[in-house]
Every structure is written in structure tokens, then in C-alpha cells.
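Chemist: Just so it is clear, I am handing over target-v1.cif, which has mmCIF, C-alpha atoms.
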```cif
data_run
#
loop_
_atom_site.label_atom_id
_atom_site.label_comp_id
_atom_site.auth_asym_id
_atom_site.auth_seq_id
_atom_site.Cartn_x
_atom_site.Cartn_y
_atom_site.Cartn_z
CA MET O 59 96.85 -63.71 43.37
CA LYS O 60 95.83 -60.09 43.77
CA LYS O 61 93.06 -59.30 46.22
CA ILE O 62 90.21 -56.89 45.61
CA LEU O 63 87.84 -55.66 48.30
CA PHE O 64 84.38 -54.87 46.92
CA VAL O 65 82.26 -52.71 49.22
CA GLU O 66 78.70 -52.78 47.89
CA ASP O 67 75.35 -53.45 49.56
CA GLU O 68 73.52 -54.72 46.45
CA GLN O 69 73.86 -58.51 46.43
CA ALA O 70 73.22 -58.71 42.70
CA LEU O 71 76.14 -56.40 41.96
CA GLN O 72 78.35 -58.24 44.42
CA ARG O 73 77.63 -61.43 42.51
CA THR O 74 78.12 -60.07 39.00
CA ILE O 75 81.27 -58.05 39.58
CA GLY O 76 82.66 -60.66 41.94
CA GLU O 77 82.23 -63.34 39.28
CA ALA O 78 83.68 -61.18 36.51
CA LEU O 79 86.79 -60.41 38.58
CA ARG O 80 87.23 -64.02 39.72
CA ARG O 81 87.21 -65.10 36.07
CA GLU O 82 90.18 -62.76 35.58
CA GLY O 83 92.05 -64.53 38.37
CA TYR O 84 91.50 -62.09 41.24
CA GLU O 85 90.52 -62.97 44.77
CA VAL O 86 87.43 -60.97 45.69
CA VAL O 87 86.51 -60.12 49.27
CA SER O 88 83.03 -58.71 49.89
CA ALA O 89 81.73 -56.13 52.34
CA LEU O 90 78.02 -55.30 52.39
CA ASP O 91 78.15 -52.06 54.36
CA GLY O 92 80.49 -49.18 55.09
CA GLU O 93 81.36 -50.25 58.63
CA SER O 94 82.55 -53.72 57.61
CA GLY O 95 84.18 -52.26 54.49
CA ALA O 96 86.48 -50.08 56.56
CA ARG O 97 87.23 -52.93 58.98
CA ILE O 98 87.92 -55.55 56.30
CA ALA O 99 90.16 -53.14 54.38
CA LYS O 100 92.43 -52.93 57.44
CA GLU O 101 92.29 -56.67 58.14
CA GLU O 102 92.78 -57.95 54.59
CA ASN O 103 95.06 -55.24 53.13
CA PRO O 104 93.72 -55.68 49.57
CA ASN O 105 95.55 -54.56 46.45
CA LEU O 106 92.55 -52.47 45.38
CA ILE O 107 89.18 -51.38 46.78
CA LEU O 108 85.99 -50.97 44.77
CA LEU O 109 83.75 -48.71 46.83
CA ASP O 110 80.10 -47.77 46.48
CA LEU O 111 79.08 -44.46 48.05
CA ILE O 112 75.54 -45.07 49.26
CA LEU O 113 76.00 -47.79 51.86
CA PRO O 114 74.25 -48.87 55.04
CA ARG O 115 75.81 -48.03 58.43
CA ARG O 116 78.49 -45.74 57.01
CA SER O 117 78.63 -43.86 53.73
CA GLY O 118 81.31 -44.59 51.16
CA PHE O 119 82.56 -41.02 51.62
CA ASP O 120 83.21 -41.64 55.32
CA VAL O 121 84.90 -44.94 54.59
CA LEU O 122 87.10 -43.33 51.94
CA LYS O 123 88.08 -40.55 54.30
CA GLU O 124 89.01 -43.03 57.04
CA LEU O 125 91.02 -45.27 54.73
CA LYS O 126 93.01 -42.37 53.32
CA ALA O 127 93.72 -41.02 56.79
CA ASP O 128 95.10 -44.36 58.00
CA ASP O 129 98.74 -45.08 57.10
CA ALA O 130 97.97 -48.79 56.82
CA THR O 131 95.41 -48.28 54.04
CA SER O 132 96.15 -44.87 52.52
CA ALA O 133 98.21 -46.29 49.65
CA ILE O 134 95.53 -48.75 48.49
CA PRO O 135 93.95 -47.45 45.27
CA VAL O 136 90.22 -46.88 45.63
CA LEU O 137 87.91 -46.99 42.64
CA VAL O 138 84.58 -45.42 43.49
CA LEU O 139 81.79 -47.37 41.80
CA THR O 140 78.44 -45.66 42.22
CA ASN O 141 75.36 -44.40 40.43
CA LEU O 142 75.67 -40.94 41.95
CA GLU O 143 76.87 -38.65 39.20
CA SER O 144 76.55 -35.08 40.37
CA PRO O 145 79.78 -33.09 39.87
CA ALA O 146 79.70 -32.26 43.59
CA ASP O 147 79.88 -35.98 44.48
CA VAL O 148 82.62 -36.59 41.93
CA ASP O 149 84.70 -33.68 43.23
CA ARG O 150 84.19 -34.73 46.82
CA ALA O 151 85.31 -38.31 46.17
CA ILE O 152 88.40 -37.21 44.24
CA GLU O 153 89.31 -34.71 46.95
CA LEU O 154 89.01 -37.48 49.55
CA GLY O 155 91.54 -39.53 47.58
CA ALA O 156 89.61 -41.76 45.18
CA THR O 157 91.77 -42.87 42.26
CA THR O 158 88.90 -43.05 39.80
CA TYR O 159 85.17 -42.29 39.90
CA LEU O 160 83.01 -44.64 37.85
CA VAL O 161 79.26 -44.27 37.33
CA LYS O 162 78.03 -47.86 37.17
CA ALA O 163 75.22 -47.24 34.69
CA ASN O 164 77.72 -45.88 32.15
CA TYR O 165 79.92 -48.96 31.96
CA ASP O 166 79.72 -52.53 30.75
CA LEU O 167 81.13 -55.23 32.99
CA SER O 168 84.15 -55.59 30.70
CA ASP O 169 84.84 -51.84 31.07
CA ILE O 170 84.87 -52.19 34.87
CA VAL O 171 87.32 -55.09 34.62
CA ARG O 172 89.55 -52.99 32.34
CA LYS O 173 89.49 -50.10 34.80
CA VAL O 174 90.43 -52.45 37.64
CA LYS O 175 93.34 -53.84 35.64
CA ALA O 176 94.50 -50.34 34.78
CA ALA O 177 94.38 -49.31 38.43
CA LEU O 178 96.45 -52.39 39.31
CA GLY O 179 98.97 -51.51 36.61
CA GLU O 180 98.05 -54.53 34.54
CA ALA O 181 96.45 -52.86 31.49
CA MET L 491 61.16 -6.32 11.94
CA ALA L 492 59.64 -3.58 14.09
CA THR L 493 56.41 -5.62 14.33
CA ALA L 494 58.38 -8.73 15.40
CA SER L 495 60.26 -6.72 18.08
CA GLY L 496 57.01 -5.19 19.27
CA ALA L 497 55.36 -8.60 19.51
CA ALA L 498 58.36 -9.99 21.41
CA LEU L 499 58.27 -7.04 23.82
CA LEU L 500 54.55 -7.52 24.36
CA THR L 501 55.06 -11.23 25.09
CA TYR L 502 57.88 -10.42 27.53
CA LEU L 503 55.77 -7.81 29.36
CA LYS L 504 52.81 -10.15 29.49
CA GLU L 505 54.96 -12.85 31.12
CA GLU L 506 56.60 -10.45 33.55
CA LEU L 507 53.29 -8.92 34.62
CA ASP L 508 51.58 -12.30 35.06
CA VAL L 509 52.27 -12.25 38.78
CA VAL L 510 49.80 -14.98 39.68
CA GLY L 511 51.23 -17.24 36.99
CA GLN L 512 54.79 -16.63 38.24
CA CYS L 513 53.68 -17.41 41.81
CA ARG L 514 52.04 -20.68 40.73
CA LYS L 515 55.29 -21.68 39.01
CA LEU L 516 57.17 -21.28 42.29
CA ARG L 517 54.48 -23.26 44.17
CA VAL L 518 54.29 -20.81 47.06
CA PRO L 519 51.09 -19.30 48.56
CA LEU L 520 50.13 -15.97 46.97
CA TRP L 521 50.71 -14.03 50.18
CA GLN L 522 54.29 -15.41 50.27
CA CYS L 523 55.00 -14.87 46.61
CA PRO L 524 58.09 -12.57 46.48
CA ARG L 525 56.99 -10.83 43.29
CA LEU L 526 53.51 -10.00 44.62
CA VAL L 527 54.84 -8.89 48.01
CA PHE L 528 57.34 -6.66 46.20
CA ILE L 529 54.52 -5.02 44.22
CA VAL L 530 52.53 -4.49 47.43
CA MET L 531 55.67 -3.02 49.04
CA GLY L 532 55.95 -0.62 46.12
CA GLY L 533 52.34 0.44 46.63
CA VAL L 534 52.88 0.92 50.37
CA ILE L 535 56.01 3.06 49.77
CA ILE L 536 54.15 5.26 47.27
CA ALA L 537 51.24 5.61 49.70
CA ALA L 538 53.72 6.52 52.46
CA ILE L 539 55.33 9.21 50.30
CA VAL L 540 51.94 10.70 49.44
CA ALA L 541 50.73 10.51 53.07
CA THR L 542 53.91 12.09 54.41
CA TYR L 543 53.69 14.92 51.87
CA PHE L 544 50.02 15.41 52.80
CA PHE L 545 50.66 15.63 56.53
CA LEU L 546 53.80 17.78 56.20
CA VAL L 547 52.84 20.19 53.48
CA VAL L 548 49.05 20.21 53.15
CA ARG L 549 47.90 19.64 56.72
CA THR L 550 51.21 20.63 58.44
CA GLU L 551 50.78 17.94 61.08
CA PRO L 552 54.34 16.67 61.58
CA GLU L 553 53.22 14.29 64.34
CA MET L 554 50.98 12.51 61.85
CA ALA L 555 53.81 12.41 59.32
CA ALA L 556 56.06 10.81 61.96
CA LEU L 557 53.33 8.29 62.79
CA VAL L 558 52.93 7.42 59.10
CA ALA L 559 56.70 6.87 58.85
CA VAL L 560 56.67 4.54 61.88
CA VAL L 561 53.68 2.55 60.60
CA ILE L 562 55.18 2.23 57.13
CA ALA L 563 58.52 1.10 58.58
CA GLY L 564 56.64 -1.60 60.53
CA VAL L 565 54.73 -2.72 57.45
CA LEU L 566 57.91 -2.87 55.35
CA LEU L 567 59.65 -4.89 58.06
CA ILE L 568 56.84 -7.45 58.08
CA GLN L 569 56.80 -7.65 54.29
CA SER L 570 60.57 -8.13 54.16
CA TYR L 571 60.21 -10.99 56.64
CA ILE L 572 57.52 -12.58 54.44
CA ILE L 573 59.84 -12.35 51.43
CA LEU L 574 62.63 -13.90 53.47
CA LEU L 575 60.37 -16.82 54.50
CA ALA L 576 59.28 -17.37 50.92
CA THR L 577 62.87 -17.32 49.66
CA GLU L 578 63.88 -19.88 52.29
CA ASN L 579 60.91 -22.09 51.32
CA ILE L 580 61.84 -21.92 47.65
CA ALA L 581 65.49 -22.69 48.41
CA GLU L 582 64.50 -25.64 50.62
CA THR L 583 62.17 -27.02 47.93
CA SER L 584 64.96 -26.75 45.40
CA ARG L 585 67.33 -28.57 47.76
CA LEU L 586 64.82 -31.36 48.34
CA LYS L 587 64.24 -31.75 44.61
CA SER L 588 67.95 -31.97 44.04
CA GLU L 589 68.29 -34.59 46.78
CA PHE L 590 65.37 -36.54 45.30
CA ILE L 591 67.01 -36.54 41.90
CA ASN L 592 70.26 -37.85 43.34
CA ILE L 593 68.60 -40.61 45.34
CA THR L 594 66.26 -41.56 42.46
CA SER L 595 69.21 -41.70 40.12
CA HIS L 596 70.87 -44.20 42.41
CA GLN L 597 67.77 -46.27 43.21
CA LEU L 598 66.51 -46.52 39.63
CA ARG L 599 69.83 -47.19 38.02
CA SER L 600 71.20 -49.76 40.46
CA PRO L 601 68.76 -52.58 39.55
CA LEU L 602 69.15 -51.73 35.86
CA THR L 603 72.90 -51.99 36.21
CA ALA L 604 72.60 -55.32 38.03
CA SER L 605 70.45 -56.90 35.30
CA ARG L 606 72.69 -55.51 32.57
CA TRP L 607 75.84 -56.92 34.15
CA ALA L 608 74.19 -60.27 34.87
CA THR L 609 73.28 -60.47 31.18
CA ASP L 610 76.85 -59.48 30.26
CA LEU L 611 78.15 -62.35 32.42
CA LEU L 612 75.85 -64.90 30.82
CA LEU L 613 76.67 -63.80 27.29
CA SER L 614 80.41 -63.66 27.90
CA ASP L 615 80.72 -67.05 29.62
CA LEU L 616 82.53 -69.00 26.95
CA SER L 617 82.63 -72.15 29.08
CA VAL L 618 78.90 -72.64 28.62
CA SER L 619 77.30 -73.08 25.25
CA LEU L 620 73.89 -71.45 25.34
CA PRO L 621 71.11 -72.42 22.91
CA GLN L 622 70.58 -69.77 20.22
CA GLU L 623 67.10 -69.01 21.53
CA VAL L 624 68.47 -68.28 24.98
CA VAL L 625 71.15 -66.02 23.48
CA GLU L 626 68.51 -64.11 21.52
CA ASN L 627 66.37 -63.64 24.61
CA LEU L 628 69.38 -62.42 26.54
CA ARG L 629 70.10 -59.93 23.75
CA ILE L 630 66.51 -58.69 24.05
CA ILE L 631 67.01 -58.22 27.80
CA GLU L 632 70.29 -56.44 27.07
CA SER L 633 68.81 -54.00 24.56
CA SER L 634 65.66 -53.34 26.63
CA ASN L 635 67.87 -52.64 29.58
CA ALA L 636 69.95 -50.20 27.53
CA ARG L 637 66.79 -48.38 26.42
CA MET L 638 65.51 -48.19 29.98
CA ASN L 639 68.87 -46.91 31.18
CA LYS L 640 68.88 -44.24 28.51
CA LEU L 641 65.33 -43.19 29.39
CA VAL L 642 66.18 -42.89 33.08
CA TYR L 643 69.29 -40.88 32.22
CA SER L 644 67.28 -38.55 29.94
CA LEU L 645 64.54 -38.01 32.53
CA LEU L 646 67.11 -37.25 35.20
CA GLN L 647 68.88 -34.79 32.89
CA VAL L 648 65.56 -33.03 32.21
CA ALA L 649 64.80 -32.91 35.95
CA ARG L 650 68.26 -31.44 36.64
CA ILE L 651 67.86 -28.84 33.91
CA GLU L 652 64.44 -27.81 35.20
CA THR L 653 65.51 -27.52 38.83
CA ASN L 654 68.68 -25.62 37.90
CA THR L 655 70.79 -28.33 39.49
CA PHE L 656 72.40 -29.22 36.21
CA LYS L 657 76.17 -28.74 36.48
CA GLN L 658 79.01 -28.96 34.04
CA ARG L 659 82.57 -29.99 34.74
CA LYS L 660 84.36 -28.01 32.07
CA ARG L 661 87.74 -29.15 30.83
CA GLU L 662 89.84 -28.39 27.82
CA VAL L 663 88.80 -30.98 25.26
CA SER L 664 89.53 -31.51 21.57
CA LEU L 665 86.32 -31.11 19.55
CA SER L 666 87.83 -32.94 16.57
CA GLU L 667 88.83 -35.94 18.69
CA VAL L 668 85.41 -36.22 20.30
CA VAL L 669 83.71 -36.14 16.89
CA LYS L 670 86.12 -38.76 15.51
CA GLU L 671 85.59 -41.03 18.53
CA ILE L 672 81.79 -40.88 18.32
CA THR L 673 81.63 -41.27 14.53
CA ASP L 674 84.01 -44.26 14.66
CA GLU L 675 81.75 -45.91 17.28
CA ALA L 676 78.61 -45.17 15.28
CA ALA L 677 80.04 -46.30 11.93
CA MET L 678 79.62 -50.01 12.66
CA PHE L 679 76.05 -49.59 13.82
CA ALA L 680 75.22 -47.37 10.83
CA ARG L 681 76.74 -49.83 8.36
CA ALA L 682 74.23 -52.45 9.54
CA SER L 683 71.53 -50.20 8.06
CA ASN L 684 73.57 -49.48 4.90
CA ILE L 685 74.28 -45.98 6.08
CA ASP L 686 77.67 -44.45 5.35
CA ILE L 687 79.11 -41.82 7.65
CA ILE L 688 81.52 -39.48 5.86
CA VAL L 689 83.60 -37.41 8.27
CA SER L 690 85.49 -34.25 7.43
CA ILE L 691 87.77 -32.91 10.17
CA PRO L 692 90.37 -30.13 9.75
CA ASP L 693 94.09 -30.85 10.12
CA LYS L 694 94.25 -29.22 13.49
CA LYS L 695 93.05 -29.87 16.99
CA LEU L 696 90.29 -27.52 18.01
CA PHE L 697 90.14 -27.12 21.76
CA VAL L 698 86.98 -26.05 23.51
CA LYS L 699 86.19 -25.62 27.19
CA PHE L 700 83.32 -28.00 27.78
CA ASP L 701 82.28 -30.93 29.92
CA PRO L 702 83.83 -33.83 27.93
CA GLU L 703 81.04 -36.30 28.75
CA GLN L 704 78.36 -33.83 27.79
CA LEU L 705 80.14 -32.94 24.56
CA ARG L 706 80.22 -36.64 23.68
CA PHE L 707 76.54 -36.86 24.58
CA ILE L 708 75.69 -33.96 22.24
CA VAL L 709 77.56 -35.38 19.25
CA GLN L 710 76.16 -38.85 19.94
CA GLU L 711 72.55 -37.73 20.21
CA VAL L 712 72.58 -35.58 17.09
CA LEU L 713 74.30 -38.37 15.15
CA ASP L 714 71.89 -41.01 16.52
CA ASN L 715 68.97 -38.86 15.37
CA ALA L 716 70.50 -38.56 11.90
CA ILE L 717 70.89 -42.35 11.70
CA ARG L 718 67.36 -42.93 12.97
CA TYR L 719 65.80 -40.43 10.59
CA THR L 720 67.73 -41.94 7.67
CA GLY L 721 66.26 -45.39 8.18
CA VAL L 722 67.62 -47.82 5.62
CA LYS L 723 70.40 -46.75 3.23
CA GLY L 724 71.86 -43.29 2.88
CA THR L 725 74.81 -41.07 3.65
CA ILE L 726 75.42 -38.91 6.67
CA ARG L 727 78.06 -36.18 6.43
CA VAL L 728 79.76 -34.97 9.58
CA THR L 729 81.84 -31.83 9.17
CA VAL L 730 83.95 -30.03 11.74
CA SER L 731 85.00 -26.47 10.92
CA THR L 732 85.88 -23.16 12.53
CA LYS L 733 84.57 -19.67 11.97
CA ASN L 734 84.88 -16.48 14.00
CA GLY L 735 86.36 -18.19 17.02
CA SER L 736 83.76 -20.96 17.17
CA GLY L 737 84.02 -24.62 16.33
CA THR L 738 81.08 -25.91 14.32
CA VAL L 739 79.96 -29.50 13.98
CA GLU L 740 77.46 -30.09 11.21
CA ILE L 741 75.64 -33.40 10.80
CA ALA L 742 73.67 -33.69 7.57
CA ASP L 743 71.51 -36.67 6.66
CA GLN L 744 69.46 -37.71 3.65
CA GLY L 745 66.60 -38.95 5.76
CA VAL L 746 62.86 -38.33 5.91
CA GLY L 747 63.18 -34.70 7.04
CA ILE L 748 60.97 -32.86 9.49
CA PRO L 749 57.56 -31.52 8.44
CA MET L 750 57.61 -27.72 8.23
CA GLU L 751 54.67 -27.23 10.63
CA GLU L 752 56.50 -29.29 13.29
CA GLN L 753 59.89 -27.59 13.03
CA LYS L 754 59.11 -24.94 15.65
CA ASP L 755 58.59 -27.73 18.25
CA ILE L 756 61.72 -29.67 17.54
CA PHE L 757 63.57 -28.60 20.68
CA GLN L 758 60.55 -29.10 22.95
CA LYS L 759 60.35 -31.93 25.45
CA PHE L 760 58.88 -35.17 24.13
CA TYR L 761 58.75 -33.94 20.56
CA ARG L 762 58.94 -36.73 17.98
CA GLY L 763 58.36 -36.16 14.30
CA SER L 764 55.02 -37.51 13.12
CA ASN L 765 56.82 -39.22 10.23
CA ILE L 766 59.45 -41.00 12.37
CA TYR L 767 57.29 -43.62 14.07
CA THR L 768 57.41 -46.09 11.22
CA LEU L 769 61.20 -45.79 11.00
CA SER L 770 61.96 -45.79 14.69
CA PRO L 771 59.10 -46.33 17.13
CA ALA L 772 61.45 -46.28 20.12
CA GLY L 773 62.66 -42.90 21.27
CA THR L 774 62.06 -40.57 24.18
CA GLY L 775 61.64 -37.27 22.35
CA LEU L 776 63.96 -35.74 24.94
CA SER L 777 67.36 -35.81 23.27
CA LEU L 778 67.19 -32.52 21.33
CA PHE L 779 65.67 -30.71 24.31
CA ILE L 780 68.57 -31.86 26.48
CA VAL L 781 71.17 -31.20 23.75
CA LYS L 782 69.99 -27.60 23.35
CA LYS L 783 69.97 -26.92 27.10
CA VAL L 784 73.38 -28.53 27.63
CA LEU L 785 74.89 -26.58 24.72
CA GLU L 786 73.45 -23.27 25.86
CA ALA L 787 74.71 -23.89 29.41
CA GLY L 788 78.19 -24.34 27.93
CA GLY L 789 78.05 -21.21 25.76
CA GLY L 790 77.12 -23.01 22.55
CA LYS L 791 74.19 -22.88 20.12
CA ILE L 792 72.33 -25.29 17.89
CA ASP L 793 70.25 -24.82 14.76
CA PHE L 794 68.99 -26.84 11.85
CA LYS L 795 67.32 -26.87 8.48
CA SER L 796 65.18 -29.63 7.08
CA THR L 797 63.13 -30.59 4.04
CA VAL L 798 60.68 -33.47 4.01
CA GLY L 799 61.87 -36.20 1.70
CA LYS L 800 65.38 -34.73 1.36
CA GLY L 801 66.86 -34.75 4.84
CA SER L 802 68.00 -32.55 7.68
CA SER L 803 71.14 -30.75 8.67
CA PHE L 804 71.85 -29.95 12.31
CA TRP L 805 74.79 -27.83 13.33
CA PHE L 806 76.03 -26.68 16.68
CA THR L 807 78.77 -24.26 17.64
CA VAL L 808 81.01 -24.10 20.67
CA PRO L 809 83.53 -21.31 21.41
CA ILE L 810 87.11 -22.35 20.64
CA ILE L 811 89.80 -21.56 23.18
CA SER L 812 92.81 -22.69 21.13
CA GLU L 813 93.92 -24.49 17.97
CA THR L 814 97.02 -26.51 17.28
CA ASN L 815 98.20 -28.02 14.05
CA ILE L 816 98.43 -31.79 13.95
CA ILE L 817 102.06 -32.64 13.22
#
```
Transcribe the structure of this file into C-alpha cells.
Modeler:
Amino acid sequence: MKKILFVEDEQALQRTIGEALRREGYEVVSALDGESGARIAKEENPNLILLDLILPRRSGFDVLKELKADDATSAIPVLVLTNLESPADVDRAIELGATTYLVKANYDLSDIVRKVKAALGEA
Amino acid sequence: MATASGAALLTYLKEELDVVGQCRKLRVPLWQCPRLVFIVMGGVIIAAIVATYFFLVVRTEPEMAALVAVVIAGVLLIQSYIILLATENIAETSRLKSEFINITSHQLRSPLTASRWATDLLLSDLSVSLPQEVVENLRIIESSNARMNKLVYSLLQVARIETNTFKQRKREVSLSEVVKEITDEAAMFARASNIDIIVSIPDKKLFVKFDPEQLRFIVQEVLDNAIRYTGVKGTIRVTVSTKNGSGTVEIADQGVGIPMEEQKDIFQKFYRGSNIYTLSPAGTGLSLFIVKKVLEAGGGKIDFKSTVGKGSSFWFTVPIISETNII
């Protein structure tokens, strides 16, 4: 069973996306802030990381930078899932190594699941 | 023609010389307003020239001329510093506005996204059979949420345009493919109102350099308007063509049309036709304002013609960078 780490501070989004991914047969591990997101990524070695950018304790940008700099986690695909949509934020995330940048408000839940499957090579 | 040019020149001069009005727009104190300080500087320089001439040529008092030069240099230095302060204030205000927009975007849209996805989950859970009434109420939540999301997006776009923080990520994109994608998506929705969408696209790919998401937004908004203004039953024709190095997308409907006296306001913020409320009470009145600004930022243009009772035709052009035949 493939494992997805979801780093997001909004409990409601944790619940909805977590449930949607579990229905597709994935194991979902949650992190509610940037600090624990970076730590859990190294501990759990997930197949994919869904990462919000505005997070308590450490920003998603910092977490992304750390994960991509660490050999143990650099190969894990990271899908940024945020409501920040300025081109500067998009460029910054892609430069730091994000695989895809998704603006939450622009996607249905089924679209997010499709993007996850595509990133895992299952589309 | 000469009268129109003269009137336009007069309007331009009136705006440029309305220093107090310009200062109020920037929200800086009058004494820090760059334009006003610049005018004062100009006056000081002219006075310095006259004074120097007076003391050198008329009164032949070179010491006084030197003193005038020193005083004027001091005054100009102070005024330059004031302009610098004002410029820094304006830049800081702009930065704060931009930051506010980013944070607001996140904070407003996150709860909307959460409720939308929770509704998605409930509606897609095939293991639970929900009573029809519950499904209908969930659909109401879903559509209200979509409207709210669209309104937030529109308001944020307007805020970005007005604070000059609006950015485009230009890519090479096929105009024909974008139009086909949007019209295919809209066709199902339009058919529910007995509206046919007839699309005419040339047998070649027309590539433009534009932000793909914004191009989709433009086509979608203009087409949505055409559907909304058509109401129940009718035909909308979407035509893609090229002329003089520009790709043109024309969307013509057979809807209610726009009253002549309102046509000059059509690209203003919050404009909604007085005759549209019975057909479509929901609507922000922001879409055409945003479409025009986005197009112009990308090097494009938009125009229209409309007759009440017969319909409207909107067309926009975008510069083409290349064309390839579809094999």
C-alpha cells in the first residue's frame, strides 16, 4: 500500500483529502505543521508528499528546501497544495524542487486524487 | 476628428495638471507628494536662475550670486530627500497591499475549499444512500460555494490589477485548443438551457504567447456571458480566425443585447446590464473588467457590438507567434 504524507494545518482539509485518498487505497500520514512535516517525511519515507506552503512553525518553502537537500528524501515527489497563486510563489516552489503546484481552490477533490495518481505513475 | 483629438488632449492635460487629485490617489501627504514637490523644485530652480542673473549681471554682486547658489543647492537637496521618502512610502504601501492580497487569498479560500471538498466527499460516497432532499441541499451548498469562490477570485484579480501586482506567466499556447477545450466544457451546460454552441476553428494550430490559465479564463468568461445573456434557447457562434498576425476569437450570441446608453460602461467594474437581472440575477459585474485588463496586459484587445433584442458579438485578438497545419 503506497504511503502519502499530507502536510497541512487545516484540520478540515486533512480530513477531506485524507478520506478521499484512503478510499483510493492509500495510507495517509498527517502532519499539522512544517516542523513535524519535515521530521515525519524522514521517519516514514512516504511515496509522495502533499505540502501546503503556509504552515505553522516552518513554512512549506523551508520544508521543501530541506527535503530536497537531504539525500534520504530528495527523490520523493512533492505536490505543493496551496491557495497561494502568485507567479512568484509558483516559480519559487518549482525552483525548490516541487513536482507540481496546485492551487486548492481551482480543483475538485477528484482532480487532486487524479494528480496524486499521476505523480505516483498510476494514471 | 480634430474636435475629438482636442477634447482628448484637454482631458489628458486636465488629469496631468490635477496635482492634488494625483496626490490623493497615492495617499501621501501633500508636502510629500512627488509631483507637487517636483513642481516646487521647478519653481525654485527658475527663481535661482533669475536671482543668479540678477546678482551677476544687474547688481554685479558675485558673493550674493554664490550665496544664492549655495542656498538653492541646500533647498534642492532637502526636496530630493522628501521625494525619496515619499517614493519609499509608496513602495512600502504597495508591498503591504500585495502581501495583504496574498494572505487574504489564502485565508478566504481555504475554508471555501474545505467546505467544497467535504461536499464532494458526501456526494461521491456511493456506500451511503442519501435521501434526495439531502442531495439537493448538498448541491445548493456546492453551487453557493462555487459562486463564493468565483467572487473571491474576481475580487482578488481586481485588487491585483489595481495595485499593479498582477503578473502573467506567459507560455506558448495553442489558441485553437484552448477555445475547443472551453467550448466542449460549456456545451453540456449550455444544452441544459437549449443553447447550441457552434464552433468554427481553422485547420491549423495558432500559437500565442500568453498565460494559459488566463487565456482559458478570458474565453470562459466571454462565453459564460454569452450563455447568460442568451437565457433560454438560442445559438452561440464561436469563431477562431487570423488576420494581420493576430488570432481573433469571436463569440456571438442571439441574446437580449446591451442597451445603447449602457454600452460605454460595459468594461467598468461592477457593470451589469439593466436587462440581465431577470435572466441571471447572480453575477459579479467584474468579469469583463478583468478580461479587458488581462488581455491588454498580454498585448491583446477586446471589442464588441450589440443590439437590444438581437444579441451581442464580442471579439478579442491576441498576437500570434506561429502557426502550424494540423496533419
Chemist: Using all atoms listed in the file, determine which residues of chain O fall within 7 Å of chain L; present them as JSON, numbers by chain.
Modeler: {"O": [70, 71, 74, 78, 141, 142, 145, 162, 163, 166, 167]}
Chemist: Find the residues around Val698 of chain L up to 7 Å (all atoms listed in the file counted), leave out those fewer than 4 positions away in its own chain, and share them as a PyMOL selection string.
Modeler: chain L and resi 662-665+808-811
Chemist: Using Å and a single decimal, report how far atom CA of Phe679 of chain L sits from atom CA of Lys723 of chain L.
Modeler: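 Straight-line distance from atom CA of Lys723 of chain L to atom CA of Phe679 of chain L works out to 12.3 Å.
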Chemist: Can you list what the PyMOL selection byres ((chain O and resi 132) around 12) grabs from this structure, as a count of residues only?
Modeler: 27
Chemist: Env of segment 731-735 of chain L: 12 Å cut, atoms = only C-alpha atoms, seq-sep filter 4 positions within chain, self excluded. Answer as a list in words.
Modeler: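 Close residues of segment 731-735 of chain L: Leu665, Ser666, Val669, Val689, Ser690, Ile691, Pro692, Asp693, Lys694, Lys695, Leu696, Phe697, Val698, Val739, Glu740, Ile741, Gly790, Trp805, Phe806, Thr807, Val808, Pro809, Ile810, Ile811, Ser812 and Glu813 of chain L.
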Chemist: Determine the nearest neighbour of Thr577 of chain L from the options L:Gln522, L:Asn715, L:Ser495, L:Asn815, counting all atoms listed in the file.
Modeler: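 Among the listed residues, L:Gln522 lies closest to Thr577 of chain L.
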Chemist: Please identify all polymer residues within 12 Å of Leu108 of chain O, counting all atoms listed in the file, omitting same-chain residues fewer than 5 positions from it, and present them as a ChimeraX atom specification.
Modeler: /O:61-67,71-72,75-76,79,86-90,92,95-96,99,118,121-122,134-140,156-160,162,170-171,173-174,177-178
Chemist: Between atom CA of Ser117 of chain O and atom CA of Ser584 of chain L, what is the distance, to one decimal in Å?
Modeler: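 Computing the Euclidean distance for atom CA of Ser117 of chain O and atom CA of Ser584 of chain L yields 23.4 Å.
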Chemist: Taking the file as I've supplied it (selection: the PyMOL selection byres ((chain L and resi 775-786) around 7)), which residues are included? Please answer as number ranges by chain.
Modeler: L: 644, 648, 708, 711, 757-762, 773-774, 787-792
Chemist: Could you take the residues named above and write them with C-alpha atoms, as a tab-separated table (two decimals), in the frame of the given file?
Modeler:
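Result saved to out01.tsv:
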```tsv
chain	number	residue	atom	x	y	z
L	644	SER	CA	67.28	-38.55	29.94
L	648	VAL	CA	65.56	-33.03	32.21
L	708	ILE	CA	75.69	-33.96	22.24
L	711	GLU	CA	72.55	-37.73	20.21
L	757	PHE	CA	63.57	-28.60	20.68
L	758	GLN	CA	60.55	-29.10	22.95
L	759	LYS	CA	60.35	-31.93	25.45
L	760	PHE	CA	58.88	-35.17	24.13
L	761	TYR	CA	58.75	-33.94	20.56
L	762	ARG	CA	58.94	-36.73	17.98
L	773	GLY	CA	62.66	-42.90	21.27
L	774	THR	CA	62.06	-40.57	24.18
L	787	ALA	CA	74.71	-23.89	29.41
L	788	GLY	CA	78.19	-24.34	27.93
L	789	GLY	CA	78.05	-21.21	25.76
L	790	GLY	CA	77.12	-23.01	22.55
L	791	LYS	CA	74.19	-22.88	20.12
L	792	ILE	CA	72.33	-25.29	17.89
```
Chemist: Quick one: distance from atom CA of Asn627 of chain L to atom CA of Met678 of chain L in Å, one decimal?
Modeler: 22.5 Å
